[in-house]
Amino acid sequence: MLYPRHEMDPSAASAQPAPPAHRPSILLVGDSEGTIDLLARQLRGEGLRVMVARSAEEALAVCEAERPHVLVADHRMPRVNGLELLRRARELSPLTLRVLMSAHADVHAIETALSELLVHGLLPKPWERHTLLTVVRAAVAQAQLLAENARLAQLAGEQHRSLRELQRTLDEMVGERTAILARGKRQWERTFDAITDPLMLLDRDYKVIRANVSMAREYRLPIADLVGKRCWELRAQLEDSFQPGKDGKCRGCPVARALSGQPETSEIEALSGRSFRISAYPIASGESGAGAPEWIACTYRDTTDERSRQRQFAQADKLAAIGRLAAGVAHEINNPLAGVLAFTQILRLGGNVPDPEAQSYLSEIEQGALRCKKIVDSLLHFSRQGRREEKRDVSLTDVVGETLLLVERQFGAARVVVERDLDENIARVYANPAQIQQVLLNLLTNAFDAMPDGGSIRIHTGAENGYAEVVVTDTGCGIEPPHLSQIFEPFFTTKGSRGAGLGLAVSFGILKEHRGGIEISSRVGEGTSARVWIPVLGRSTTKLPSSAARTRVREGDND
């Protein structure tokens, strides 16, 4: 019977040439001429090329020259027995399947053959034809399989050589790509250093990992001396250092928010009094750019002069607004004063008797005097130039009410109805009330000017997504689409000599300083809506309505 064995080293098998594949060959070895001839006659009818050897030496010579598929050797032979023959044949032709022909009495020989893996099968003597054919066919099939494996191993070697050649080609391509990346890296570094504003890359521990030339010039240090230092420690060494917080970091620094994945821009005033706009942008390390940021790109610039110009524009626009309102304010003051004088004269003429009629007059005097006081106080409060440190806890609803005191009477005289939709419990904001009042007054004045023949203005206050908002909607003529894209540009106006063109530009600057924004939408012939928002006091907002001024044109039914 056949015992398959796989003891051969694949490398040794691939090194041996395969036996002829067109016709399986078998070598019969034995010193008994009758036994070997009988085997040969029984096997020639199986389509095999049968070879016969009468001694071990002759068999070894045939194995080396012919490399047969199968070797069948008798155990009992003179000089060299079957086991020794199979051992030597394995060295000469590893791919040849070896079958030991032995009597049942040769137990020791069988055990030795199996333990040393010398044979692939055993053919007992005396044999039956069926057993003989089964063993030989199985051996031939396994020999052919080994030969095919050797052929495939040789093919695999050739393919491996092809893969090595392909690998060399890929290495050359990688080298070219590496050169391209190196060139791109140099371009990026030069672009990085060409940015005129100080720019640095920070890790999550606020340590500088890259800085541009402008940053090194700002700190008067080589770039290498900036790397590895914490940004707030470096800033503390400058004349324009920032106010430190409890943890040592700069107070108001936007990097902390950028570390949560949101870009952030903030205005910080240095201890020297100069103002800086600092922007922080998160950079994720993943290929898709998703996930927690690993670095922060931080840039800043000195905005002291810019802020000064904005305050000048704001003051100039405020004075222009006061001039336009002068007539209305005089009318508001003169009416109650006229009442005061009239009722005072009546009291003098009628004596000092406290009758019901006199009490009525005194009540009218008190109401008129209080109203005059509110109007004058609001006007004076509005005309003062607000400073940044004047920010405080305020309610937008209260600011709206104070602003309407300045214009509501004038609007009523021009048949402009003011509708109020004010949330008295609106969340409070941290703002400069005079500056916010200036923004509202600009919006109300623009709405009024858009309705020369009268109309209505609806003013709404509320809160959404951590922001308090004011919406001013009019039923005026609307804004032409070409003009709508320019309304935030300084000195742009459609009012001719009646406007300075600074109202909305200054309003945008004020709201940006308050970390808020403004959005204006308009439909020609139907009206305009202006929405203003400011962060709620003490709330960390995550959804920003807008980071800049926005305009939206509406034509027909399509936004």
# chains A, B, ... in the order shown; residues from 1 in each chain; ligands from 1
$ select_by_dssp --residues "range 60-275 of chain A" --states "alpha helix (DSSP H)" --output "short mmCIF file (atom, residue, chain, number, x, y, z; two decimals) with N, CA and C atoms, in the first residue's frame"
data_model
loop_
_atom_site.label_atom_id
_atom_site.label_comp_id
_atom_site.auth_asym_id
_atom_site.auth_seq_id
_atom_site.Cartn_x
_atom_site.Cartn_y
_atom_site.Cartn_z
N LEU A 60 21.12 2.75 -9.40
CA LEU A 60 21.55 4.12 -9.09
C LEU A 60 21.98 4.86 -10.34
N ALA A 61 22.66 4.14 -11.27
CA ALA A 61 23.05 4.78 -12.52
C ALA A 61 21.83 5.20 -13.33
N VAL A 62 20.81 4.36 -13.36
CA VAL A 62 19.58 4.70 -14.09
C VAL A 62 18.87 5.88 -13.43
N CYS A 63 18.83 5.90 -12.11
CA CYS A 63 18.17 7.01 -11.40
C CYS A 63 18.83 8.34 -11.72
N GLU A 64 20.16 8.34 -11.77
CA GLU A 64 20.87 9.58 -12.05
C GLU A 64 20.67 10.04 -13.47
N ALA A 65 20.59 9.05 -14.41
CA ALA A 65 20.46 9.41 -15.82
C ALA A 65 19.00 9.65 -16.23
N GLU A 66 18.10 8.82 -15.81
CA GLU A 66 16.73 8.87 -16.28
C GLU A 66 15.77 9.60 -15.34
N GLY A 82 17.71 -3.25 -0.08
CA GLY A 82 16.75 -2.29 -0.62
C GLY A 82 16.72 -0.96 0.12
N LEU A 83 16.85 -0.98 1.45
CA LEU A 83 16.81 0.27 2.22
C LEU A 83 17.97 1.19 1.86
N GLU A 84 19.18 0.60 1.76
CA GLU A 84 20.33 1.41 1.41
C GLU A 84 20.20 1.96 -0.01
N LEU A 85 19.65 1.17 -0.90
CA LEU A 85 19.42 1.63 -2.27
C LEU A 85 18.47 2.82 -2.28
N LEU A 86 17.37 2.73 -1.56
CA LEU A 86 16.40 3.83 -1.54
C LEU A 86 17.00 5.09 -0.92
N ARG A 87 17.88 4.90 0.08
CA ARG A 87 18.51 6.05 0.72
C ARG A 87 19.41 6.79 -0.27
N ARG A 88 20.20 6.02 -1.06
CA ARG A 88 21.07 6.66 -2.05
C ARG A 88 20.26 7.25 -3.21
N ALA A 89 19.20 6.56 -3.59
CA ALA A 89 18.36 7.07 -4.69
C ALA A 89 17.70 8.39 -4.32
N ARG A 90 17.34 8.56 -3.06
CA ARG A 90 16.72 9.82 -2.63
C ARG A 90 17.67 10.99 -2.83
N GLU A 91 18.98 10.76 -2.61
CA GLU A 91 19.95 11.82 -2.80
C GLU A 91 20.15 12.16 -4.27
N LEU A 92 20.11 11.13 -5.12
CA LEU A 92 20.32 11.37 -6.55
C LEU A 92 19.10 11.97 -7.24
N VAL A 107 9.71 -7.17 9.14
CA VAL A 107 9.07 -6.13 9.96
C VAL A 107 10.07 -5.03 10.30
N HIS A 108 11.28 -5.46 10.67
CA HIS A 108 12.28 -4.46 11.05
C HIS A 108 12.59 -3.53 9.87
N ALA A 109 12.69 -4.11 8.68
CA ALA A 109 12.97 -3.28 7.50
C ALA A 109 11.86 -2.28 7.25
N ILE A 110 10.64 -2.71 7.43
CA ILE A 110 9.50 -1.80 7.22
C ILE A 110 9.53 -0.66 8.23
N GLU A 111 9.77 -0.99 9.48
CA GLU A 111 9.82 0.06 10.51
C GLU A 111 10.93 1.06 10.22
N THR A 112 12.09 0.55 9.82
CA THR A 112 13.21 1.45 9.49
C THR A 112 12.84 2.37 8.33
N ALA A 113 12.23 1.80 7.29
CA ALA A 113 11.86 2.60 6.11
C ALA A 113 10.88 3.71 6.47
N LEU A 114 9.92 3.36 7.32
CA LEU A 114 8.91 4.36 7.69
C LEU A 114 9.50 5.43 8.61
N SER A 115 10.34 5.02 9.56
CA SER A 115 10.90 5.98 10.51
C SER A 115 11.85 6.95 9.84
N ARG A 129 -2.39 -8.83 -8.05
CA ARG A 129 -2.35 -7.84 -9.15
C ARG A 129 -3.06 -6.55 -8.77
N HIS A 130 -4.21 -6.71 -8.12
CA HIS A 130 -4.97 -5.50 -7.74
C HIS A 130 -4.16 -4.60 -6.80
N THR A 131 -3.50 -5.25 -5.80
CA THR A 131 -2.68 -4.47 -4.86
C THR A 131 -1.52 -3.82 -5.59
N LEU A 132 -0.86 -4.56 -6.47
CA LEU A 132 0.26 -4.02 -7.22
C LEU A 132 -0.15 -2.78 -8.02
N LEU A 133 -1.24 -2.91 -8.76
CA LEU A 133 -1.67 -1.78 -9.59
C LEU A 133 -2.08 -0.58 -8.75
N THR A 134 -2.72 -0.84 -7.63
CA THR A 134 -3.14 0.28 -6.76
C THR A 134 -1.93 1.05 -6.25
N VAL A 135 -0.92 0.30 -5.77
CA VAL A 135 0.28 0.96 -5.22
C VAL A 135 1.01 1.72 -6.31
N VAL A 136 1.19 1.10 -7.47
CA VAL A 136 1.95 1.73 -8.55
C VAL A 136 1.23 2.95 -9.09
N ARG A 137 -0.07 2.81 -9.32
CA ARG A 137 -0.84 3.96 -9.84
C ARG A 137 -0.80 5.15 -8.88
N ALA A 138 -0.96 4.85 -7.60
CA ALA A 138 -0.92 5.93 -6.62
C ALA A 138 0.46 6.59 -6.60
N ALA A 139 1.52 5.75 -6.69
CA ALA A 139 2.87 6.31 -6.69
C ALA A 139 3.11 7.16 -7.92
N VAL A 140 2.67 6.65 -9.09
CA VAL A 140 2.85 7.42 -10.32
C VAL A 140 2.10 8.76 -10.24
N ALA A 141 0.86 8.72 -9.72
CA ALA A 141 0.07 9.96 -9.61
C ALA A 141 0.77 10.97 -8.71
N GLN A 142 1.29 10.46 -7.59
CA GLN A 142 1.98 11.37 -6.66
C GLN A 142 3.28 11.90 -7.27
N ALA A 143 3.98 11.05 -8.02
CA ALA A 143 5.21 11.51 -8.68
C ALA A 143 4.91 12.60 -9.69
N GLN A 144 3.83 12.40 -10.46
CA GLN A 144 3.44 13.44 -11.43
C GLN A 144 3.06 14.74 -10.72
N LEU A 145 2.40 14.58 -9.57
CA LEU A 145 2.03 15.78 -8.80
C LEU A 145 3.28 16.52 -8.32
N LEU A 146 4.27 15.76 -7.85
CA LEU A 146 5.51 16.39 -7.42
C LEU A 146 6.23 17.07 -8.59
N ALA A 147 6.19 16.41 -9.74
CA ALA A 147 6.81 17.01 -10.92
C ALA A 147 6.11 18.31 -11.31
N GLU A 148 4.76 18.30 -11.21
CA GLU A 148 4.01 19.53 -11.53
C GLU A 148 4.32 20.62 -10.51
N ASN A 149 4.44 20.22 -9.26
CA ASN A 149 4.81 21.20 -8.24
C ASN A 149 6.18 21.81 -8.53
N ALA A 150 7.11 20.97 -8.96
CA ALA A 150 8.44 21.48 -9.30
C ALA A 150 8.36 22.47 -10.46
N ARG A 151 7.50 22.11 -11.46
CA ARG A 151 7.34 23.03 -12.59
C ARG A 151 6.76 24.37 -12.15
N LEU A 152 5.74 24.28 -11.27
CA LEU A 152 5.13 25.51 -10.77
C LEU A 152 6.10 26.32 -9.93
N ALA A 153 6.95 25.59 -9.17
CA ALA A 153 7.96 26.32 -8.39
C ALA A 153 8.93 27.06 -9.30
N GLN A 154 9.30 26.40 -10.41
CA GLN A 154 10.18 27.06 -11.36
C GLN A 154 9.49 28.28 -11.98
N LEU A 155 8.19 28.12 -12.31
CA LEU A 155 7.42 29.25 -12.85
C LEU A 155 7.33 30.38 -11.83
N ALA A 156 7.11 29.99 -10.56
CA ALA A 156 7.04 31.01 -9.51
C ALA A 156 8.36 31.76 -9.38
N GLY A 157 9.48 31.02 -9.55
CA GLY A 157 10.78 31.69 -9.52
C GLY A 157 10.91 32.71 -10.63
N GLU A 158 10.44 32.33 -11.84
CA GLU A 158 10.50 33.28 -12.95
C GLU A 158 9.63 34.50 -12.67
N GLN A 159 8.44 34.25 -12.12
CA GLN A 159 7.56 35.38 -11.79
C GLN A 159 8.18 36.24 -10.70
N HIS A 160 8.87 35.58 -9.76
CA HIS A 160 9.53 36.35 -8.71
C HIS A 160 10.60 37.28 -9.29
N ARG A 161 11.32 36.77 -10.28
CA ARG A 161 12.30 37.63 -10.95
C ARG A 161 11.61 38.79 -11.66
N SER A 162 10.44 38.50 -12.26
CA SER A 162 9.68 39.59 -12.91
C SER A 162 9.22 40.62 -11.88
N LEU A 163 8.80 40.11 -10.71
CA LEU A 163 8.37 41.03 -9.66
C LEU A 163 9.53 41.89 -9.16
N ARG A 164 10.72 41.29 -9.09
CA ARG A 164 11.88 42.09 -8.68
C ARG A 164 12.15 43.20 -9.68
N GLU A 165 11.99 42.87 -10.97
CA GLU A 165 12.17 43.89 -11.99
C GLU A 165 11.11 44.99 -11.86
N LEU A 166 9.87 44.54 -11.60
CA LEU A 166 8.80 45.51 -11.39
C LEU A 166 9.08 46.36 -10.16
N GLN A 167 9.62 45.73 -9.13
CA GLN A 167 9.95 46.48 -7.91
C GLN A 167 10.99 47.57 -8.19
N ARG A 168 11.97 47.22 -9.04
CA ARG A 168 12.96 48.24 -9.41
C ARG A 168 12.30 49.40 -10.14
N THR A 169 11.34 49.04 -11.01
CA THR A 169 10.62 50.11 -11.73
C THR A 169 9.84 50.98 -10.75
N LEU A 170 9.16 50.31 -9.80
CA LEU A 170 8.40 51.06 -8.80
C LEU A 170 9.31 51.93 -7.95
N ASP A 171 10.48 51.41 -7.63
CA ASP A 171 11.43 52.20 -6.84
C ASP A 171 11.83 53.47 -7.59
N GLU A 172 12.00 53.32 -8.90
CA GLU A 172 12.35 54.50 -9.70
C GLU A 172 11.20 55.51 -9.69
N MET A 173 9.96 54.98 -9.81
CA MET A 173 8.80 55.88 -9.78
C MET A 173 8.68 56.56 -8.42
N VAL A 174 8.92 55.78 -7.35
CA VAL A 174 8.86 56.37 -6.01
C VAL A 174 9.92 57.46 -5.87
N GLY A 175 11.08 57.21 -6.45
CA GLY A 175 12.13 58.23 -6.39
C GLY A 175 11.71 59.51 -7.08
N GLU A 176 11.04 59.35 -8.24
CA GLU A 176 10.55 60.54 -8.94
C GLU A 176 9.50 61.27 -8.11
N ARG A 177 8.56 60.48 -7.51
CA ARG A 177 7.53 61.11 -6.69
C ARG A 177 8.15 61.79 -5.47
N THR A 178 9.17 61.16 -4.91
CA THR A 178 9.83 61.76 -3.76
C THR A 178 10.45 63.10 -4.13
N ALA A 179 11.04 63.13 -5.31
CA ALA A 179 11.62 64.40 -5.77
C ALA A 179 10.55 65.47 -5.94
N ILE A 180 9.38 65.05 -6.47
CA ILE A 180 8.27 66.00 -6.63
C ILE A 180 7.80 66.51 -5.27
N LEU A 181 7.67 65.57 -4.32
CA LEU A 181 7.24 65.97 -2.97
C LEU A 181 8.25 66.89 -2.32
N ALA A 182 9.54 66.60 -2.53
CA ALA A 182 10.57 67.47 -1.95
C ALA A 182 10.48 68.87 -2.56
N ARG A 183 10.23 68.93 -3.87
CA ARG A 183 10.08 70.22 -4.51
C ARG A 183 8.85 70.95 -3.99
N GLY A 184 7.73 70.18 -3.79
CA GLY A 184 6.53 70.80 -3.21
C GLY A 184 6.78 71.29 -1.79
N LYS A 185 7.56 70.53 -1.04
CA LYS A 185 7.87 70.94 0.34
C LYS A 185 8.65 72.25 0.34
N ARG A 186 9.62 72.35 -0.58
CA ARG A 186 10.38 73.61 -0.66
C ARG A 186 9.47 74.77 -1.04
N GLN A 187 8.56 74.51 -1.98
CA GLN A 187 7.63 75.58 -2.37
C GLN A 187 6.74 75.98 -1.20
N TRP A 188 6.26 74.97 -0.44
CA TRP A 188 5.41 75.28 0.71
C TRP A 188 6.18 76.10 1.74
N GLU A 189 7.41 75.72 2.00
CA GLU A 189 8.20 76.45 3.00
C GLU A 189 8.44 77.89 2.55
N ARG A 190 8.72 78.08 1.26
CA ARG A 190 8.95 79.44 0.77
C ARG A 190 7.66 80.26 0.84
N THR A 191 6.52 79.62 0.51
CA THR A 191 5.24 80.32 0.64
C THR A 191 4.95 80.67 2.09
N PHE A 192 5.23 79.72 2.98
CA PHE A 192 5.04 79.93 4.42
C PHE A 192 5.84 81.14 4.90
N ASP A 193 7.08 81.22 4.44
CA ASP A 193 7.94 82.33 4.88
C ASP A 193 7.60 83.63 4.17
N ALA A 194 6.90 83.55 3.02
CA ALA A 194 6.56 84.76 2.28
C ALA A 194 5.37 85.50 2.87
N VAL A 213 9.30 83.60 8.72
CA VAL A 213 10.31 84.64 8.88
C VAL A 213 9.73 85.86 9.60
N SER A 214 8.47 86.18 9.30
CA SER A 214 7.85 87.34 9.95
C SER A 214 7.73 87.12 11.45
N MET A 215 7.45 85.90 11.87
CA MET A 215 7.38 85.60 13.29
C MET A 215 8.75 85.76 13.95
N ALA A 216 9.78 85.25 13.30
CA ALA A 216 11.13 85.40 13.84
C ALA A 216 11.53 86.87 13.93
N ARG A 217 11.13 87.64 12.92
CA ARG A 217 11.44 89.07 12.94
C ARG A 217 10.69 89.78 14.06
N GLU A 218 9.45 89.35 14.31
CA GLU A 218 8.65 89.95 15.38
C GLU A 218 9.29 89.70 16.75
N TYR A 219 9.81 88.50 16.95
CA TYR A 219 10.39 88.14 18.24
C TYR A 219 11.90 88.42 18.32
N ILE A 223 14.57 81.45 13.80
CA ILE A 223 13.43 80.52 13.79
C ILE A 223 13.73 79.30 14.66
N ALA A 224 14.97 78.82 14.61
CA ALA A 224 15.32 77.63 15.40
C ALA A 224 15.14 77.85 16.89
N ASP A 225 15.31 79.11 17.36
CA ASP A 225 15.15 79.40 18.79
C ASP A 225 13.69 79.48 19.20
N LEU A 226 12.79 79.61 18.22
CA LEU A 226 11.36 79.65 18.53
C LEU A 226 10.77 78.24 18.66
N CYS A 231 4.10 79.27 22.96
CA CYS A 231 3.85 80.58 22.36
C CYS A 231 3.61 81.65 23.41
N TRP A 232 2.88 81.32 24.49
CA TRP A 232 2.58 82.34 25.48
C TRP A 232 3.81 82.70 26.32
N GLU A 233 4.75 81.78 26.43
CA GLU A 233 6.00 82.11 27.13
C GLU A 233 6.84 83.06 26.29
N LEU A 234 6.86 82.83 24.97
CA LEU A 234 7.59 83.73 24.09
C LEU A 234 6.95 85.12 24.08
N ARG A 235 5.60 85.15 24.06
CA ARG A 235 4.91 86.43 23.99
C ARG A 235 5.16 87.26 25.24
N VAL A 255 -6.68 79.86 20.58
CA VAL A 255 -6.14 78.53 20.33
C VAL A 255 -6.93 77.45 21.06
N ALA A 256 -7.37 77.77 22.30
CA ALA A 256 -8.10 76.77 23.09
C ALA A 256 -9.35 76.32 22.35
N ARG A 257 -10.08 77.23 21.74
CA ARG A 257 -11.29 76.85 21.00
C ARG A 257 -10.93 76.10 19.71
N ALA A 258 -9.82 76.50 19.07
CA ALA A 258 -9.41 75.81 17.85
C ALA A 258 -9.03 74.36 18.13
#
$ select_by_dssp --residues "range 84-195 of chain A" --states "strand (DSSP E or B)" --output "PyMOL selection string"
chain A and resi 97-103+121-125
$ closest_residue --among "A:Ser360, A:Lys207, A:Ala73, A:Ser93" --to "Leu123 in chain A" --atoms "only C-alpha atoms"
A:Ala73
$ residues_around --residues "Arg230 in chain A" --least-positions-apart "2" --cutoff "12 Å" --atoms "only C-alpha atoms" --output "PyMOL selection string"
chain A and resi 200-210+225-228+232-237+248-250
$ closest_residue --among "A:Leu537, A:Ile457, A:Met77, A:Leu511" --to "Ala427 in chain A" --atoms "only C-alpha atoms"
A:Leu537
$ residues_around --residues "range 28-44 of chain A" --least-positions-apart "4" --cutoff "9 Å" --atoms "only C-alpha atoms" --output "PyMOL selection string"
chain A and resi 48-56+58-59+70-78+82+129+132-133+136
$ atom_distance --atom1 "CA of Val399 in chain A" --atom2 "CA of Asp421 in chain A"
13.8 Å
$ atom_distance --atom1 "CA of Glu390 in chain A" --atom2 "CA of Glu424 in chain A"
23.2 Å
$ atom_distance --atom1 "CA of Ala211 in chain A" --atom2 "CA of Thr304 in chain A"
23.3 Å
$ closest_residue --among "A:Glu513, A:Leu221, A:Arg392, A:Gly454" --to "Thr303 in chain A" --atoms "only C-alpha atoms"
A:Glu513
$ closest_residue --among "A:Val506, A:Val394, A:Leu440, A:Leu122" --to "Ile459 in chain A" --atoms "only C-alpha atoms"
A:Leu440
